[in-house]
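J.: Dumping the structure here so I can ask a few things about it.
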Amino acid sequence: MHSETNSPVISSPVVVALDYATQADAIAMAQRLNPAECRVKVGKELFTSAGPQVVEALHKLGFEVFLDLKFHDIPNTCAKAVGAAADLGVWMVNVHASGGRRMMEAARNELANKTHQPLLIGVTVLTSMERADLAEIGLDTDPQVQVERLARLTQQCGLDGVVCSAQEVALINGLSRQVSELSRQSVAPTDKPFLTVTPGIRPAGSEQGDQRRIMTPQQAQAAGVSYMVIGRPITQAADPAKACEQILASLHHEN
Ligand SMILES: O=c1ccn([C@@H]2O[C@H](COP(=O)(O)O)[C@@H](O)[C@H]2O)c(=O)[nH]1
């Protein structure tokens with residue numbers, strides 16, 4: 001799905017969530033961060049208030065951007081929205097896996113015709129949800145079971161990976177190894193890793209807030225996550241750049 005662009009390719013697993021109400025606040029935070037050490041995420045609040053210009057401004061600062069709008073709609077509408085995100089040149093875009101197979105396949109097919117193809121990721125179960133939340137929406141199951149179900153579907157639909165909590169990553173990596181083995185035996189083998197993008201990252205001692213399925217950065221790394229989405233523990237720190245560097249140092253990450 002993903003095609004390379006002219007943006008710098010960085011090895012850091014950290015994606016900083018720029019959850020701000022205005023472009024000015026988001027850019028002020030981005031200017032305190034280092035695009036060689038992290039990517040940034042634009043979510044619903046910022047995109048709704050600031051629009052596509054904020055993505056352009058972050059690109060100008062040298063950041064790769066995860067556009068976290070979690071599209072969930074009928075297949076045609078979702079696919080066109082994903083296509084519009086691709087035209088913005090973002091690094092990653094996502095849809096809700098619970099939108100189902102036809103929606104995810106339509107989104108994947110839309111990207112096939114694009115010059116720039118962002119990573120396309122399926123959101124499984126929000127990291128703010130626990131078993132009781134699922135029961136209230138008619139899913140009488142552990143989050144892990146629902147995550148596994150949606151991760152399988154997402155991989156079958158040919159997306160690049162999932163959003164899940166780091167707590168489910170070992171399970172998903174096990175699943176995707178099985179699928180990769182099947183793929184190697186098929187006529188069109190692919191060795192693409194199936195990515196896990198994990199919010200709900202909380203360094204020891206930081207506020208849990210509304211998150212429920214959490215892990216520390218070190219636990220997430222040990223579990224094998226591909227990318228860690230970290231918002232408030234970095235953006236609300238007294239020194240966000242230092243908070244980001246300390247997390248990377250705790251992962252023994254070098255650029
Ligand atoms: O399951 C999900 C999907 C997306 N998010 C987003 O990630 C960040 C997390 O921010 P924190 O401040 O570190 O909690 C936020 O933008 C969410 O919208 C998520 O948390 N869980």
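Convention: chains lettered A, B, ... in structure tokens order; per-chain residue numbering from 1; ligands numbered from 1 as shown.
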Check region 26-229 of chain A with DSSP on the backbone and list each residue it calls strand (DSSP E or B), as a ChimeraX atom specification.
T.: /A:39-42,65-71,92-96,119-123,161-163,195-198,201,215,227-229
J.: Hey, can you spit out that residue selection with N, CA and C atoms as an mmCIF file, in the first residue's frame?
T.:
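After the write, out13.cif holds the following:
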data_model
loop_
_atom_site.group_PDB
_atom_site.id
_atom_site.type_symbol
_atom_site.label_atom_id
_atom_site.label_comp_id
_atom_site.auth_asym_id
_atom_site.auth_seq_id
_atom_site.Cartn_x
_atom_site.Cartn_y
_atom_site.Cartn_z
ATOM 1 N N ARG A 39 7.373 11.289 14.708
ATOM 2 C CA ARG A 39 6.377 11.750 13.748
ATOM 3 C C ARG A 39 5.286 12.454 14.542
ATOM 4 N N VAL A 40 4.310 13.058 13.856
ATOM 5 C CA VAL A 40 3.216 13.704 14.583
ATOM 6 C C VAL A 40 1.871 13.200 14.061
ATOM 7 N N LYS A 41 0.879 13.316 14.917
ATOM 8 C CA LYS A 41 -0.460 12.857 14.568
ATOM 9 C C LYS A 41 -1.420 14.040 14.627
ATOM 10 N N VAL A 42 -2.213 14.163 13.573
ATOM 11 C CA VAL A 42 -3.280 15.176 13.534
ATOM 12 C C VAL A 42 -4.598 14.425 13.693
ATOM 13 N N VAL A 65 3.271 12.882 8.813
ATOM 14 C CA VAL A 65 2.000 13.097 9.529
ATOM 15 C C VAL A 65 1.086 11.872 9.431
ATOM 16 N N PHE A 66 0.622 11.448 10.603
ATOM 17 C CA PHE A 66 -0.432 10.432 10.695
ATOM 18 C C PHE A 66 -1.750 11.191 10.805
ATOM 19 N N LEU A 67 -2.605 11.068 9.792
ATOM 20 C CA LEU A 67 -3.917 11.728 9.822
ATOM 21 C C LEU A 67 -4.908 10.754 10.463
ATOM 22 N N ASP A 68 -5.203 11.015 11.727
ATOM 23 C CA ASP A 68 -5.997 10.078 12.539
ATOM 24 C C ASP A 68 -7.452 10.527 12.555
ATOM 25 N N LEU A 69 -8.138 10.316 11.435
ATOM 26 C CA LEU A 69 -9.549 10.734 11.378
ATOM 27 C C LEU A 69 -10.491 9.543 11.493
ATOM 28 N N LYS A 70 -9.927 8.344 11.549
ATOM 29 C CA LYS A 70 -10.722 7.123 11.810
ATOM 30 C C LYS A 70 -11.994 7.105 10.970
ATOM 31 N N PHE A 71 -11.838 7.107 9.654
ATOM 32 C CA PHE A 71 -13.026 7.145 8.794
ATOM 33 C C PHE A 71 -13.878 5.890 9.006
ATOM 34 N N MET A 92 0.392 8.336 7.052
ATOM 35 C CA MET A 92 -0.496 7.254 7.513
ATOM 36 C C MET A 92 -1.906 7.803 7.636
ATOM 37 N N VAL A 93 -2.900 6.948 7.331
ATOM 38 C CA VAL A 93 -4.305 7.339 7.488
ATOM 39 C C VAL A 93 -5.047 6.106 8.014
ATOM 40 N N ASN A 94 -6.186 6.331 8.672
ATOM 41 C CA ASN A 94 -6.854 5.152 9.226
ATOM 42 C C ASN A 94 -8.370 5.169 9.016
ATOM 43 N N VAL A 95 -8.941 3.965 9.135
ATOM 44 C CA VAL A 95 -10.393 3.768 9.033
ATOM 45 C C VAL A 95 -10.777 2.844 10.192
ATOM 46 N N HIS A 96 -12.038 2.841 10.579
ATOM 47 C CA HIS A 96 -12.472 1.882 11.610
ATOM 48 C C HIS A 96 -12.663 0.517 10.966
ATOM 49 N N LEU A 119 0.315 4.752 4.372
ATOM 50 C CA LEU A 119 -0.021 3.513 5.066
ATOM 51 C C LEU A 119 -1.493 3.576 5.447
ATOM 52 N N LEU A 120 -2.207 2.483 5.228
ATOM 53 C CA LEU A 120 -3.640 2.432 5.541
ATOM 54 C C LEU A 120 -3.848 1.449 6.701
ATOM 55 N N ILE A 121 -4.404 1.984 7.780
ATOM 56 C CA ILE A 121 -4.461 1.250 9.048
ATOM 57 C C ILE A 121 -5.916 1.111 9.507
ATOM 58 N N GLY A 122 -6.263 -0.057 10.069
ATOM 59 C CA GLY A 122 -7.624 -0.273 10.586
ATOM 60 C C GLY A 122 -7.649 -0.149 12.106
ATOM 61 N N VAL A 123 -8.575 0.655 12.605
ATOM 62 C CA VAL A 123 -8.713 0.794 14.067
ATOM 63 C C VAL A 123 -9.544 -0.391 14.575
ATOM 64 N N GLY A 161 -1.925 -2.486 8.546
ATOM 65 C CA GLY A 161 -1.799 -2.783 9.968
ATOM 66 C C GLY A 161 -3.009 -2.303 10.729
ATOM 67 N N VAL A 162 -2.888 -2.342 12.049
ATOM 68 C CA VAL A 162 -4.024 -1.973 12.907
ATOM 69 C C VAL A 162 -3.614 -0.995 13.996
ATOM 70 N N VAL A 163 -4.610 -0.250 14.475
ATOM 71 C CA VAL A 163 -4.493 0.463 15.750
ATOM 72 C C VAL A 163 -5.087 -0.471 16.805
ATOM 73 N N LEU A 195 1.618 -3.930 10.524
ATOM 74 C CA LEU A 195 2.023 -2.945 11.527
ATOM 75 C C LEU A 195 1.037 -2.877 12.701
ATOM 76 N N THR A 196 1.582 -2.586 13.874
ATOM 77 C CA THR A 196 0.730 -2.316 15.032
ATOM 78 C C THR A 196 1.026 -0.895 15.515
ATOM 79 N N VAL A 197 -0.036 -0.104 15.572
ATOM 80 C CA VAL A 197 0.062 1.309 15.947
ATOM 81 C C VAL A 197 -0.675 1.429 17.280
ATOM 82 N N THR A 198 0.057 1.812 18.339
ATOM 83 C CA THR A 198 -0.522 1.672 19.671
ATOM 84 C C THR A 198 -0.578 2.972 20.470
ATOM 85 N N ILE A 201 -0.211 4.648 25.533
ATOM 86 C CA ILE A 201 1.150 4.490 26.065
ATOM 87 C C ILE A 201 1.301 5.448 27.253
ATOM 88 N N MET A 215 0.082 0.506 28.412
ATOM 89 C CA MET A 215 1.391 -0.102 28.690
ATOM 90 C C MET A 215 2.422 1.019 28.728
ATOM 91 N N TYR A 227 4.644 1.179 16.155
ATOM 92 C CA TYR A 227 4.619 2.619 16.446
ATOM 93 C C TYR A 227 3.844 2.864 17.738
ATOM 94 N N MET A 228 4.343 3.819 18.535
ATOM 95 C CA MET A 228 3.672 4.196 19.788
ATOM 96 C C MET A 228 3.112 5.602 19.622
ATOM 97 N N VAL A 229 1.804 5.744 19.775
ATOM 98 C CA VAL A 229 1.188 7.080 19.714
ATOM 99 C C VAL A 229 1.158 7.635 21.139
#
J.: Please, which residues have at least one atom within 7 Å of an atom of ligand 1, using only C-alpha atoms and all ligand atoms, listed as number ranges by chain?
T.: A: 17-19, 43, 123, 125-128, 163-165, 199-201, 211, 229-233
J.: Just to confirm, what's the straight-line distance from CA of Leu88 (chain A) to CA of Leu248 (chain A) in Å (one decimal)?
T.: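 Atom-to-atom, CA of Leu88 (chain A) to CA of Leu248 (chain A), that is 28.5 Å.
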J.: Give me the residues within 7 Å of Met103 (chain A) as a ChimeraX atom specification, counting only C-alpha atoms and dropping any in the same chain fewer than 2 places off.
T.: /A:74-75,78,99-101,105-107
J.: Here is a test: counting only C-alpha atoms, which residue of A:Gln144, A:Gln218, A:Gln23, A:Gln53 is nearest to His252 (chain A)?
T.: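 Distance minimum relative to His252 (chain A) lands on A:Gln218.
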J.: I need the residues of region 78-241 of chain A that end up classed as helix (DSSP H, G or I) by DSSP on the backbone, written out as number ranges by chain.
T.: A: 78-87, 97-99, 101-112, 131-136, 143-156, 166-184, 217-223, 232-235, 240-241
J.: Between A:Thr141, A:Thr235, A:Gln146, A:Ser98, single out the one closest to Leu171 (chain A), counting only C-alpha atoms.
T.: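 Closest residue, counting only C-alpha atoms: A:Gln146.
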